[in-house]
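The file upload-v9.txt contains compact mmCIF, N, CA and C atoms:
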```txt
# COMPACT_ATOMS: atom_id res chain seq x y z
N MET A 1 -26.58 -6.58 -14.69
CA MET A 1 -25.55 -5.67 -14.21
C MET A 1 -26.04 -4.25 -14.40
N LYS A 2 -25.79 -3.44 -13.40
CA LYS A 2 -26.11 -2.01 -13.49
C LYS A 2 -24.82 -1.25 -13.77
N ALA A 3 -24.95 -0.13 -14.45
CA ALA A 3 -23.81 0.73 -14.73
C ALA A 3 -24.13 2.13 -14.24
N TYR A 4 -23.11 2.79 -13.70
CA TYR A 4 -23.27 4.14 -13.18
C TYR A 4 -22.16 5.02 -13.72
N VAL A 5 -22.51 6.26 -14.05
CA VAL A 5 -21.50 7.23 -14.44
C VAL A 5 -21.46 8.30 -13.34
N ILE A 6 -20.30 8.46 -12.73
CA ILE A 6 -20.13 9.42 -11.65
C ILE A 6 -20.15 10.83 -12.24
N THR A 7 -21.06 11.66 -11.72
CA THR A 7 -21.30 12.98 -12.29
C THR A 7 -21.32 14.03 -11.18
N ILE A 8 -20.58 15.10 -11.39
CA ILE A 8 -20.59 16.21 -10.43
C ILE A 8 -21.78 17.09 -10.76
N GLU A 9 -22.77 17.06 -9.90
CA GLU A 9 -24.00 17.81 -10.14
C GLU A 9 -23.71 19.30 -10.29
N GLY A 10 -24.27 19.88 -11.34
CA GLY A 10 -24.12 21.31 -11.57
C GLY A 10 -22.83 21.71 -12.26
N ASN A 11 -21.93 20.77 -12.48
CA ASN A 11 -20.68 21.05 -13.17
C ASN A 11 -20.90 20.77 -14.65
N GLU A 12 -20.84 21.80 -15.47
CA GLU A 12 -21.17 21.68 -16.89
C GLU A 12 -20.32 20.64 -17.61
N VAL A 13 -19.02 20.64 -17.34
CA VAL A 13 -18.12 19.67 -17.99
C VAL A 13 -18.51 18.25 -17.60
N SER A 14 -18.77 18.03 -16.32
CA SER A 14 -19.13 16.71 -15.84
C SER A 14 -20.50 16.28 -16.38
N GLU A 15 -21.45 17.18 -16.35
CA GLU A 15 -22.81 16.88 -16.84
C GLU A 15 -22.77 16.53 -18.33
N ASN A 16 -22.06 17.33 -19.12
CA ASN A 16 -21.96 17.06 -20.57
C ASN A 16 -21.21 15.77 -20.83
N GLY A 17 -20.14 15.54 -20.08
CA GLY A 17 -19.38 14.32 -20.24
C GLY A 17 -20.21 13.08 -19.95
N SER A 18 -21.02 13.16 -18.91
CA SER A 18 -21.89 12.02 -18.56
C SER A 18 -22.88 11.72 -19.67
N ARG A 19 -23.45 12.78 -20.22
CA ARG A 19 -24.39 12.58 -21.35
C ARG A 19 -23.67 11.91 -22.53
N THR A 20 -22.46 12.37 -22.82
CA THR A 20 -21.69 11.78 -23.91
C THR A 20 -21.39 10.31 -23.63
N CYS A 21 -21.04 9.99 -22.40
CA CYS A 21 -20.77 8.61 -22.00
C CYS A 21 -21.99 7.73 -22.26
N ILE A 22 -23.14 8.18 -21.79
CA ILE A 22 -24.38 7.41 -21.94
C ILE A 22 -24.74 7.26 -23.41
N GLU A 23 -24.63 8.35 -24.18
CA GLU A 23 -24.96 8.30 -25.61
C GLU A 23 -24.01 7.36 -26.36
N SER A 24 -22.72 7.38 -26.01
CA SER A 24 -21.77 6.51 -26.72
C SER A 24 -22.05 5.04 -26.41
N SER A 25 -22.53 4.76 -25.22
CA SER A 25 -22.89 3.38 -24.88
C SER A 25 -24.08 2.92 -25.72
N TRP A 26 -25.08 3.79 -25.85
CA TRP A 26 -26.26 3.46 -26.67
C TRP A 26 -25.85 3.27 -28.13
N GLN A 27 -24.97 4.13 -28.63
CA GLN A 27 -24.54 4.04 -30.03
C GLN A 27 -23.88 2.70 -30.33
N HIS A 28 -23.20 2.13 -29.34
CA HIS A 28 -22.51 0.86 -29.55
C HIS A 28 -23.36 -0.34 -29.09
N LYS A 29 -24.63 -0.04 -28.76
CA LYS A 29 -25.60 -1.08 -28.42
C LYS A 29 -25.15 -2.00 -27.28
N ASN A 30 -24.62 -1.38 -26.24
CA ASN A 30 -24.25 -2.15 -25.05
C ASN A 30 -25.49 -2.75 -24.41
N GLU A 31 -25.31 -3.88 -23.75
CA GLU A 31 -26.43 -4.62 -23.17
C GLU A 31 -26.78 -4.17 -21.76
N PHE A 32 -26.40 -2.97 -21.42
CA PHE A 32 -26.71 -2.43 -20.10
C PHE A 32 -27.05 -0.96 -20.27
N SER A 33 -27.85 -0.45 -19.34
CA SER A 33 -28.11 0.99 -19.35
C SER A 33 -27.25 1.62 -18.27
N ILE A 34 -27.04 2.90 -18.42
CA ILE A 34 -26.17 3.63 -17.48
C ILE A 34 -27.00 4.66 -16.74
N GLU A 35 -26.89 4.64 -15.42
CA GLU A 35 -27.55 5.65 -14.58
C GLU A 35 -26.51 6.66 -14.11
N ARG A 36 -26.94 7.87 -14.00
CA ARG A 36 -26.11 8.92 -13.45
C ARG A 36 -26.00 8.72 -11.94
N PHE A 37 -24.82 8.96 -11.39
CA PHE A 37 -24.60 8.83 -9.95
C PHE A 37 -23.95 10.11 -9.46
N ASP A 38 -24.59 10.78 -8.51
CA ASP A 38 -24.06 12.05 -8.00
C ASP A 38 -22.75 11.83 -7.25
N ALA A 39 -21.72 12.52 -7.71
CA ALA A 39 -20.39 12.41 -7.13
C ALA A 39 -20.33 13.01 -5.74
N SER A 40 -19.42 12.50 -4.94
CA SER A 40 -19.06 13.18 -3.71
C SER A 40 -18.32 14.45 -4.12
N VAL A 41 -18.42 15.48 -3.32
CA VAL A 41 -17.78 16.75 -3.65
C VAL A 41 -16.88 17.18 -2.48
N PRO A 42 -15.85 17.98 -2.79
CA PRO A 42 -14.89 18.37 -1.75
C PRO A 42 -15.53 18.94 -0.48
N GLU A 43 -16.61 19.70 -0.65
CA GLU A 43 -17.26 20.33 0.50
C GLU A 43 -17.81 19.31 1.49
N ASN A 44 -18.09 18.08 1.02
CA ASN A 44 -18.69 17.06 1.87
C ASN A 44 -17.72 15.98 2.34
N VAL A 45 -16.44 16.12 1.98
CA VAL A 45 -15.46 15.07 2.27
C VAL A 45 -15.38 14.76 3.77
N ASP A 46 -15.24 15.76 4.61
CA ASP A 46 -15.08 15.50 6.05
C ASP A 46 -16.29 14.75 6.60
N TYR A 47 -17.47 15.19 6.22
CA TYR A 47 -18.71 14.54 6.69
C TYR A 47 -18.78 13.09 6.21
N GLU A 48 -18.50 12.85 4.93
CA GLU A 48 -18.59 11.49 4.39
C GLU A 48 -17.53 10.58 4.98
N MET A 49 -16.32 11.08 5.16
CA MET A 49 -15.27 10.26 5.76
C MET A 49 -15.68 9.83 7.17
N GLN A 50 -16.28 10.75 7.91
CA GLN A 50 -16.75 10.45 9.26
C GLN A 50 -17.93 9.48 9.22
N THR A 51 -18.87 9.71 8.33
CA THR A 51 -20.06 8.87 8.21
C THR A 51 -19.68 7.42 7.91
N PHE A 52 -18.73 7.23 7.00
CA PHE A 52 -18.34 5.88 6.60
C PHE A 52 -17.18 5.32 7.44
N LEU A 53 -16.77 6.07 8.46
CA LEU A 53 -15.68 5.66 9.35
C LEU A 53 -14.41 5.32 8.58
N LEU A 54 -14.06 6.22 7.67
CA LEU A 54 -12.89 6.03 6.82
C LEU A 54 -11.76 6.96 7.24
N GLU A 55 -10.55 6.53 6.96
CA GLU A 55 -9.37 7.34 7.21
C GLU A 55 -8.52 7.33 5.95
N TRP A 56 -8.12 8.50 5.47
CA TRP A 56 -7.30 8.61 4.27
C TRP A 56 -5.87 8.25 4.63
N ASP A 57 -5.31 7.24 3.94
CA ASP A 57 -3.94 6.87 4.24
C ASP A 57 -3.06 6.78 2.99
N TYR A 58 -3.51 7.41 1.91
CA TYR A 58 -2.69 7.45 0.71
C TYR A 58 -1.69 8.59 0.89
N PRO A 59 -0.43 8.40 0.52
CA PRO A 59 0.57 9.44 0.79
C PRO A 59 0.38 10.69 -0.09
N TRP A 60 0.62 11.82 0.51
CA TRP A 60 0.59 13.09 -0.24
C TRP A 60 1.97 13.40 -0.79
N THR A 61 2.99 12.79 -0.20
CA THR A 61 4.37 12.93 -0.69
C THR A 61 5.05 11.57 -0.59
N GLY A 62 6.05 11.36 -1.44
CA GLY A 62 6.83 10.13 -1.39
C GLY A 62 6.03 8.90 -1.79
N GLU A 63 6.44 7.75 -1.21
CA GLU A 63 5.73 6.51 -1.48
C GLU A 63 5.74 5.63 -0.25
N VAL A 64 4.75 4.75 -0.18
CA VAL A 64 4.57 3.87 0.96
C VAL A 64 4.22 2.48 0.45
N LEU A 65 4.78 1.46 1.06
CA LEU A 65 4.40 0.09 0.72
C LEU A 65 3.28 -0.32 1.66
N ASP A 66 2.15 -0.71 1.08
CA ASP A 66 1.02 -1.18 1.86
C ASP A 66 1.19 -2.69 2.03
N PHE A 67 1.61 -3.12 3.21
CA PHE A 67 1.92 -4.53 3.44
C PHE A 67 0.69 -5.42 3.29
N ALA A 68 -0.48 -4.93 3.67
CA ALA A 68 -1.70 -5.74 3.60
C ALA A 68 -2.03 -6.14 2.16
N SER A 69 -1.87 -5.19 1.22
CA SER A 69 -2.24 -5.46 -0.17
C SER A 69 -1.03 -5.77 -1.06
N GLY A 70 0.16 -5.38 -0.60
CA GLY A 70 1.35 -5.55 -1.41
C GLY A 70 1.53 -4.44 -2.43
N LEU A 71 0.66 -3.43 -2.40
CA LEU A 71 0.74 -2.32 -3.35
C LEU A 71 1.70 -1.25 -2.88
N LYS A 72 2.42 -0.68 -3.84
CA LYS A 72 3.26 0.48 -3.55
C LYS A 72 2.41 1.70 -3.89
N LYS A 73 2.13 2.51 -2.89
CA LYS A 73 1.33 3.72 -3.09
C LYS A 73 2.27 4.90 -3.27
N THR A 74 2.21 5.49 -4.46
CA THR A 74 3.09 6.60 -4.80
C THR A 74 2.27 7.89 -4.89
N ALA A 75 2.73 8.91 -4.20
CA ALA A 75 2.04 10.20 -4.21
C ALA A 75 2.14 10.83 -5.59
N TYR A 76 1.13 11.62 -5.94
CA TYR A 76 1.19 12.43 -7.14
C TYR A 76 0.54 13.76 -6.82
N GLN A 77 0.98 14.79 -7.54
CA GLN A 77 0.52 16.14 -7.25
C GLN A 77 -0.97 16.29 -7.45
N THR A 78 -1.55 17.07 -6.60
CA THR A 78 -2.96 17.41 -6.74
C THR A 78 -3.16 18.85 -6.30
N LYS A 79 -3.96 19.55 -7.05
CA LYS A 79 -4.23 20.95 -6.74
C LYS A 79 -5.13 21.07 -5.51
N ASN A 80 -6.11 20.17 -5.43
CA ASN A 80 -7.09 20.22 -4.35
C ASN A 80 -7.21 18.83 -3.72
N PRO A 81 -6.52 18.58 -2.60
CA PRO A 81 -6.56 17.25 -1.97
C PRO A 81 -7.97 16.75 -1.68
N LYS A 82 -8.86 17.64 -1.29
CA LYS A 82 -10.23 17.19 -0.98
C LYS A 82 -10.97 16.73 -2.25
N ALA A 83 -10.59 17.26 -3.41
CA ALA A 83 -11.20 16.80 -4.65
C ALA A 83 -10.78 15.35 -4.93
N ARG A 84 -9.52 15.03 -4.67
CA ARG A 84 -9.05 13.66 -4.86
C ARG A 84 -9.76 12.71 -3.91
N ILE A 85 -9.91 13.13 -2.67
CA ILE A 85 -10.61 12.29 -1.69
C ILE A 85 -12.07 12.13 -2.10
N ALA A 86 -12.68 13.20 -2.60
CA ALA A 86 -14.08 13.12 -3.05
C ALA A 86 -14.23 12.11 -4.17
N CYS A 87 -13.29 12.08 -5.09
CA CYS A 87 -13.31 11.10 -6.18
C CYS A 87 -13.27 9.69 -5.61
N ALA A 88 -12.36 9.45 -4.69
CA ALA A 88 -12.26 8.12 -4.08
C ALA A 88 -13.55 7.77 -3.34
N LEU A 89 -14.15 8.75 -2.68
CA LEU A 89 -15.40 8.50 -1.96
C LEU A 89 -16.55 8.14 -2.92
N SER A 90 -16.57 8.76 -4.08
CA SER A 90 -17.60 8.43 -5.06
C SER A 90 -17.51 6.95 -5.44
N HIS A 91 -16.30 6.49 -5.70
CA HIS A 91 -16.09 5.08 -6.03
C HIS A 91 -16.44 4.20 -4.83
N TYR A 92 -16.01 4.61 -3.66
CA TYR A 92 -16.30 3.84 -2.45
C TYR A 92 -17.81 3.65 -2.27
N ARG A 93 -18.56 4.73 -2.42
CA ARG A 93 -20.01 4.66 -2.24
C ARG A 93 -20.64 3.68 -3.24
N LEU A 94 -20.14 3.66 -4.47
CA LEU A 94 -20.68 2.71 -5.44
C LEU A 94 -20.26 1.28 -5.11
N TRP A 95 -19.01 1.07 -4.70
CA TRP A 95 -18.58 -0.28 -4.32
C TRP A 95 -19.41 -0.77 -3.12
N LYS A 96 -19.65 0.13 -2.18
CA LYS A 96 -20.46 -0.21 -1.00
C LYS A 96 -21.87 -0.59 -1.44
N LYS A 97 -22.43 0.16 -2.36
CA LYS A 97 -23.77 -0.13 -2.90
C LYS A 97 -23.79 -1.50 -3.56
N SER A 98 -22.75 -1.81 -4.31
CA SER A 98 -22.66 -3.10 -4.98
C SER A 98 -22.68 -4.25 -3.97
N VAL A 99 -21.93 -4.09 -2.90
CA VAL A 99 -21.89 -5.12 -1.86
C VAL A 99 -23.24 -5.24 -1.15
N GLU A 100 -23.80 -4.09 -0.77
CA GLU A 100 -25.08 -4.10 -0.06
C GLU A 100 -26.21 -4.68 -0.92
N ASP A 101 -26.21 -4.35 -2.21
CA ASP A 101 -27.26 -4.84 -3.12
C ASP A 101 -26.94 -6.24 -3.66
N MET A 102 -25.72 -6.72 -3.36
CA MET A 102 -25.24 -8.01 -3.88
C MET A 102 -25.43 -8.08 -5.39
N GLU A 103 -24.93 -7.03 -6.05
CA GLU A 103 -25.11 -6.92 -7.49
C GLU A 103 -23.82 -6.41 -8.13
N ASP A 104 -23.47 -7.00 -9.26
CA ASP A 104 -22.32 -6.52 -10.01
C ASP A 104 -22.66 -5.16 -10.61
N ILE A 105 -21.68 -4.25 -10.59
CA ILE A 105 -21.91 -2.94 -11.20
C ILE A 105 -20.70 -2.55 -12.04
N LEU A 106 -20.95 -1.65 -12.95
CA LEU A 106 -19.91 -1.05 -13.77
C LEU A 106 -19.83 0.41 -13.36
N VAL A 107 -18.65 0.85 -12.94
CA VAL A 107 -18.45 2.22 -12.47
C VAL A 107 -17.70 2.98 -13.56
N LEU A 108 -18.27 4.09 -14.00
CA LEU A 108 -17.68 4.90 -15.06
C LEU A 108 -17.44 6.32 -14.57
N GLU A 109 -16.38 6.92 -15.04
CA GLU A 109 -16.12 8.34 -14.78
C GLU A 109 -16.88 9.15 -15.83
N HIS A 110 -17.10 10.43 -15.55
CA HIS A 110 -17.87 11.26 -16.48
C HIS A 110 -17.16 11.51 -17.81
N ASP A 111 -15.87 11.20 -17.88
CA ASP A 111 -15.16 11.40 -19.14
C ASP A 111 -14.99 10.09 -19.92
N ALA A 112 -15.67 9.03 -19.48
CA ALA A 112 -15.61 7.76 -20.20
C ALA A 112 -16.40 7.87 -21.50
N VAL A 113 -15.85 7.29 -22.56
CA VAL A 113 -16.53 7.25 -23.86
C VAL A 113 -16.34 5.84 -24.42
N PHE A 114 -17.42 5.24 -24.88
CA PHE A 114 -17.33 3.92 -25.47
C PHE A 114 -16.97 4.04 -26.94
N THR A 115 -15.97 3.27 -27.34
CA THR A 115 -15.53 3.28 -28.74
C THR A 115 -15.91 1.97 -29.43
N SER A 116 -16.45 1.04 -28.65
CA SER A 116 -16.94 -0.22 -29.20
C SER A 116 -17.89 -0.84 -28.18
N LYS A 117 -18.56 -1.90 -28.61
CA LYS A 117 -19.47 -2.60 -27.71
C LYS A 117 -18.65 -3.33 -26.66
N VAL A 118 -19.10 -3.29 -25.42
CA VAL A 118 -18.43 -3.97 -24.33
C VAL A 118 -18.85 -5.44 -24.34
N PRO A 119 -17.89 -6.36 -24.31
CA PRO A 119 -18.22 -7.79 -24.29
C PRO A 119 -18.82 -8.18 -22.94
N TYR A 120 -20.11 -7.96 -22.80
CA TYR A 120 -20.84 -8.11 -21.55
C TYR A 120 -20.55 -9.46 -20.87
N ASP A 121 -20.57 -10.55 -21.63
CA ASP A 121 -20.35 -11.87 -21.05
C ASP A 121 -18.94 -12.00 -20.48
N ARG A 122 -17.96 -11.34 -21.10
CA ARG A 122 -16.58 -11.41 -20.61
C ARG A 122 -16.40 -10.60 -19.33
N ILE A 123 -17.16 -9.54 -19.18
CA ILE A 123 -17.04 -8.74 -17.96
C ILE A 123 -17.47 -9.56 -16.75
N LEU A 124 -18.58 -10.28 -16.89
CA LEU A 124 -19.11 -11.03 -15.76
C LEU A 124 -18.37 -12.34 -15.52
N ASP A 125 -17.65 -12.83 -16.51
CA ASP A 125 -16.91 -14.09 -16.39
C ASP A 125 -15.44 -13.78 -16.14
N THR A 126 -15.14 -13.37 -14.92
CA THR A 126 -13.77 -13.00 -14.57
C THR A 126 -13.42 -13.56 -13.21
N GLN A 127 -12.17 -13.84 -13.00
CA GLN A 127 -11.71 -14.35 -11.71
C GLN A 127 -11.39 -13.21 -10.74
N TYR A 128 -11.47 -11.97 -11.23
CA TYR A 128 -11.11 -10.81 -10.42
C TYR A 128 -12.36 -10.12 -9.89
N GLY A 129 -12.20 -9.40 -8.78
CA GLY A 129 -13.29 -8.65 -8.22
C GLY A 129 -13.45 -7.28 -8.86
N ILE A 130 -12.46 -6.92 -9.69
CA ILE A 130 -12.50 -5.61 -10.36
C ILE A 130 -11.75 -5.74 -11.68
N ILE A 131 -12.22 -5.07 -12.69
CA ILE A 131 -11.55 -5.09 -14.00
C ILE A 131 -11.48 -3.67 -14.54
N GLY A 132 -10.57 -3.45 -15.46
CA GLY A 132 -10.45 -2.16 -16.15
C GLY A 132 -10.86 -2.32 -17.59
N LEU A 133 -11.78 -1.49 -18.06
CA LEU A 133 -12.24 -1.57 -19.43
C LEU A 133 -11.32 -0.84 -20.40
N ASN A 134 -10.45 -0.01 -19.90
CA ASN A 134 -9.59 0.79 -20.77
C ASN A 134 -8.29 0.07 -21.09
N ASP A 135 -8.30 -1.22 -21.00
CA ASP A 135 -7.12 -2.03 -21.32
C ASP A 135 -6.77 -1.86 -22.78
N PRO A 136 -5.55 -1.40 -23.11
CA PRO A 136 -5.20 -1.15 -24.51
C PRO A 136 -5.19 -2.41 -25.36
N ARG A 137 -5.18 -3.59 -24.74
CA ARG A 137 -5.23 -4.84 -25.49
C ARG A 137 -6.64 -5.14 -25.96
N GLY A 138 -7.63 -4.32 -25.53
CA GLY A 138 -9.02 -4.52 -25.95
C GLY A 138 -9.74 -5.44 -25.01
```
If you convert what's in this file into C-alpha cells, what do you get?
Amino acid sequence: MKAYVITIEGNEVSENGSRTCIESSWQHKNEFSIERFDASVPENVDYEMQTFLLEWDYPWTGEVLDFASGLKKTAYQTKNPKARIACALSHYRLWKKSVEDMEDILVLEHDAVFTSKVPYDRILDTQYGIIGLNDPRG
C-alpha cells in the first residue's frame, strides 16, 4: 500500500504539516512510507474540472438529497469556493491514480498526525472501498 499526504506547494503551513505527518508516522513505526502529493490549487480548478470532465454539484446553500448515493449533501460556509473544489480535486486525483494503478492507497491531509501505529492488516481487510482512520473508537 502506498500513502500520500496532500501538500500545498509553497504554503509554509501545509509544507510543515506534511513533514510532521510523515515524521509522526515514522515515530509510530507504521509499515508504509508516505509520499508528498502536490495539491490542486484554486487557480487551477477550472482547468482541472475541464480536464477530468467533472461538474461540481455539491450545494453552496441549503441541502440536497443525492438519490444515486442516498447521501444528504448539506452546504457549509466557505470563504473561498475554489479552495474547497481544489481540495476535492486533490482527493479525486489520488482516487483516480489508485484505480489506474490498481493499488490500494492511503490519502492523508497535511494536518494529519499519527498518535499510534496504524493496524496495517486491518486497513486492507475491509468490506468497504474507503475507510476513515480518525474513528474515535480507534
Near Phe37 (chain A), counting all atoms listed in the file, which residues have an atom at most 6.5 Å away, once you skip same-chain residues fewer than 2 positions from it, shown as a list in words? Tyr4, Val5, Ile6, Thr7, Ile8, Glu35 and Ala39 of chain A
Enumerate, in order of chain and increasing residue number, the residues of region 15-71 of chain A with an atom no farther than 7 Å from region 103-127 of chain A, each with its shortest atom pair and distance in Å to one decimal, counting all atoms listed in the file, as CSV.
```
residue,atom,partner,partner_atom,distance
A:Glu15,N,A:His110,CA,6.9
A:Asn16,C,A:His110,C,6.6
A:Gly17,C,A:His110,C,4.0
A:Ser18,N,A:His110,C,4.3
A:Arg19,N,A:His110,C,6.9
A:Thr20,C,A:Val113,CA,5.7
A:Cys21,CA,A:Ala112,C,4.5
A:Ile22,N,A:Ala112,C,6.8
A:Ser24,C,A:Phe114,N,4.9
A:Ser25,N,A:Phe114,N,5.1
A:His28,C,A:Lys117,CA,4.7
A:Lys29,C,A:Lys117,CA,5.7
A:Asn30,CA,A:Val118,N,5.3
A:Glu31,N,A:Val118,N,6.5
```
With N, CA and C atoms retained, write the just-selected residues as a PDB file, in the frame of the given file.
```
ATOM      1  N   GLU A  15     -21.450  17.180 -16.350  1.00  0.00           N
ATOM      2  CA  GLU A  15     -22.810  16.880 -16.840  1.00  0.00           C
ATOM      3  C   GLU A  15     -22.770  16.530 -18.330  1.00  0.00           C
ATOM      4  N   ASN A  16     -22.060  17.330 -19.120  1.00  0.00           N
ATOM      5  CA  ASN A  16     -21.960  17.060 -20.570  1.00  0.00           C
ATOM      6  C   ASN A  16     -21.210  15.770 -20.830  1.00  0.00           C
ATOM      7  N   GLY A  17     -20.140  15.540 -20.080  1.00  0.00           N
ATOM      8  CA  GLY A  17     -19.380  14.320 -20.240  1.00  0.00           C
ATOM      9  C   GLY A  17     -20.210  13.080 -19.950  1.00  0.00           C
ATOM     10  N   SER A  18     -21.020  13.160 -18.910  1.00  0.00           N
ATOM     11  CA  SER A  18     -21.890  12.020 -18.560  1.00  0.00           C
ATOM     12  C   SER A  18     -22.880  11.720 -19.670  1.00  0.00           C
ATOM     13  N   ARG A  19     -23.450  12.780 -20.220  1.00  0.00           N
ATOM     14  CA  ARG A  19     -24.390  12.580 -21.350  1.00  0.00           C
ATOM     15  C   ARG A  19     -23.670  11.910 -22.530  1.00  0.00           C
ATOM     16  N   THR A  20     -22.460  12.370 -22.820  1.00  0.00           N
ATOM     17  CA  THR A  20     -21.690  11.780 -23.910  1.00  0.00           C
ATOM     18  C   THR A  20     -21.390  10.310 -23.630  1.00  0.00           C
ATOM     19  N   CYS A  21     -21.040   9.990 -22.400  1.00  0.00           N
ATOM     20  CA  CYS A  21     -20.770   8.610 -22.000  1.00  0.00           C
ATOM     21  C   CYS A  21     -21.990   7.730 -22.260  1.00  0.00           C
ATOM     22  N   ILE A  22     -23.140   8.180 -21.790  1.00  0.00           N
ATOM     23  CA  ILE A  22     -24.380   7.410 -21.940  1.00  0.00           C
ATOM     24  C   ILE A  22     -24.740   7.260 -23.410  1.00  0.00           C
ATOM     25  N   SER A  24     -22.720   7.380 -26.010  1.00  0.00           N
ATOM     26  CA  SER A  24     -21.770   6.510 -26.720  1.00  0.00           C
ATOM     27  C   SER A  24     -22.050   5.040 -26.410  1.00  0.00           C
ATOM     28  N   SER A  25     -22.530   4.760 -25.220  1.00  0.00           N
ATOM     29  CA  SER A  25     -22.890   3.380 -24.880  1.00  0.00           C
ATOM     30  C   SER A  25     -24.080   2.920 -25.720  1.00  0.00           C
ATOM     31  N   HIS A  28     -23.200   2.130 -29.340  1.00  0.00           N
ATOM     32  CA  HIS A  28     -22.510   0.860 -29.550  1.00  0.00           C
ATOM     33  C   HIS A  28     -23.360  -0.340 -29.090  1.00  0.00           C
ATOM     34  N   LYS A  29     -24.630  -0.040 -28.760  1.00  0.00           N
ATOM     35  CA  LYS A  29     -25.600  -1.080 -28.420  1.00  0.00           C
ATOM     36  C   LYS A  29     -25.150  -2.000 -27.280  1.00  0.00           C
ATOM     37  N   ASN A  30     -24.620  -1.380 -26.240  1.00  0.00           N
ATOM     38  CA  ASN A  30     -24.250  -2.150 -25.050  1.00  0.00           C
ATOM     39  C   ASN A  30     -25.490  -2.750 -24.410  1.00  0.00           C
ATOM     40  N   GLU A  31     -25.310  -3.880 -23.750  1.00  0.00           N
ATOM     41  CA  GLU A  31     -26.430  -4.620 -23.170  1.00  0.00           C
ATOM     42  C   GLU A  31     -26.780  -4.170 -21.760  1.00  0.00           C
TER      43      GLU A  31
END
```
12 Å contact set for Phe52 (chain A), only C-alpha atoms, chain neighbours under 2 positions out, as JSON, numbers by chain: {"A": [45, 46, 47, 48, 49, 50, 54, 55, 56, 89, 90, 92, 93, 96]}
Best match for closeness to Glu43 (chain A) among A:Glu12, A:Leu71, A:Ala83, A:Glu63, counting all atoms listed in the file: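 Checking each of A:Glu12, A:Leu71, A:Ala83, A:Glu63 against Glu43 (chain A), counting all atoms listed in the file, the winner is A:Ala83.
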Give the alpha helix (DSSP H) residues of chain A, as assigned by DSSP on the backbone, as a ChimeraX atom specification. /A:12-27,45-51,81-101,120-124
Please, what distance in Å, to one decimal, runs between atom N of Cys87 (chain A) and atom N of Trp26 (chain A)? 25.3 Å
Give me every strand (DSSP E or B) residue in region 5-129 of chain A, going by DSSP on the backbone, as a tab-separated table (two decimals) with N, CA and C atoms, in the coordinates of the input.
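Result file is part-v2.tsv:
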```
chain	number	residue	atom	x	y	z
A	5	VAL	N	-22.51	6.26	-14.05
A	5	VAL	CA	-21.50	7.23	-14.44
A	5	VAL	C	-21.46	8.30	-13.34
A	6	ILE	N	-20.30	8.46	-12.73
A	6	ILE	CA	-20.13	9.42	-11.65
A	6	ILE	C	-20.15	10.83	-12.24
A	7	THR	N	-21.06	11.66	-11.72
A	7	THR	CA	-21.30	12.98	-12.29
A	7	THR	C	-21.32	14.03	-11.18
A	34	ILE	N	-27.04	2.90	-18.42
A	34	ILE	CA	-26.17	3.63	-17.48
A	34	ILE	C	-27.00	4.66	-16.74
A	35	GLU	N	-26.89	4.64	-15.42
A	35	GLU	CA	-27.55	5.65	-14.58
A	35	GLU	C	-26.51	6.66	-14.11
A	36	ARG	N	-26.94	7.87	-14.00
A	36	ARG	CA	-26.11	8.92	-13.45
A	36	ARG	C	-26.00	8.72	-11.94
A	37	PHE	N	-24.82	8.96	-11.39
A	37	PHE	CA	-24.60	8.83	-9.95
A	37	PHE	C	-23.95	10.11	-9.46
A	38	ASP	N	-24.59	10.78	-8.51
A	38	ASP	CA	-24.06	12.05	-8.00
A	38	ASP	C	-22.75	11.83	-7.25
A	63	GLU	N	6.44	7.75	-1.21
A	63	GLU	CA	5.73	6.51	-1.48
A	63	GLU	C	5.74	5.63	-0.25
A	64	VAL	N	4.75	4.75	-0.18
A	64	VAL	CA	4.57	3.87	0.96
A	64	VAL	C	4.22	2.48	0.45
A	65	LEU	N	4.78	1.46	1.06
A	65	LEU	CA	4.40	0.09	0.72
A	65	LEU	C	3.28	-0.32	1.66
A	66	ASP	N	2.15	-0.71	1.08
A	66	ASP	CA	1.02	-1.18	1.86
A	66	ASP	C	1.19	-2.69	2.03
A	71	LEU	N	0.66	-3.43	-2.40
A	71	LEU	CA	0.74	-2.32	-3.35
A	71	LEU	C	1.70	-1.25	-2.88
A	72	LYS	N	2.42	-0.68	-3.84
A	72	LYS	CA	3.26	0.48	-3.55
A	72	LYS	C	2.41	1.70	-3.89
A	73	LYS	N	2.13	2.51	-2.89
A	73	LYS	CA	1.33	3.72	-3.09
A	73	LYS	C	2.27	4.90	-3.27
A	74	THR	N	2.21	5.49	-4.46
A	74	THR	CA	3.09	6.60	-4.80
A	74	THR	C	2.27	7.89	-4.89
A	105	ILE	N	-21.68	-4.25	-10.59
A	105	ILE	CA	-21.91	-2.94	-11.20
A	105	ILE	C	-20.70	-2.55	-12.04
A	106	LEU	N	-20.95	-1.65	-12.95
A	106	LEU	CA	-19.91	-1.05	-13.77
A	106	LEU	C	-19.83	0.41	-13.36
A	107	VAL	N	-18.65	0.85	-12.94
A	107	VAL	CA	-18.45	2.22	-12.47
A	107	VAL	C	-17.70	2.98	-13.56
A	108	LEU	N	-18.27	4.09	-14.00
A	108	LEU	CA	-17.68	4.90	-15.06
A	108	LEU	C	-17.44	6.32	-14.57
```
So what do you get for CA of Tyr76 (chain A) versus atom N of Asn44 (chain A), distance-wise? 21.7 Å
Just how far from atom N of Pro42 (chain A) is atom C of Phe67 (chain A), in Å to one decimal?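 So the two atoms, atom C of Phe67 (chain A) and atom N of Pro42 (chain A), lie 29.3 Å apart.
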If the box runs along x, y and z of the file and leaves 6 Å on each side of region 74-82 of chain A, what are its centre and edge lengths in Å, one decimal, as AutoDock Vina command-line options?
```
--center_x -3.9 --center_y 13.3 --center_z -4.3 --size_x 26.1 --size_y 27.6 --size_z 18.6
```
Between A:Ala75, A:Asn80, A:Glu9, A:Lys2, which one has atoms that come closest to Ser40 (chain A), using all atoms listed in the file?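 Comparing A:Ala75, A:Asn80, A:Glu9, A:Lys2 against Ser40 (chain A), the winner is A:Glu9.
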Within 7 Å of (0.1, 10.2, 0.7), in the coordinates the file gives, what residues turn up when you count only N, CA and C atoms, written out as a list in words? Asp57, Tyr58, Pro59, Trp60, Thr61, Gly62, Lys73, Thr74, Ala75 and Tyr76 of chain A
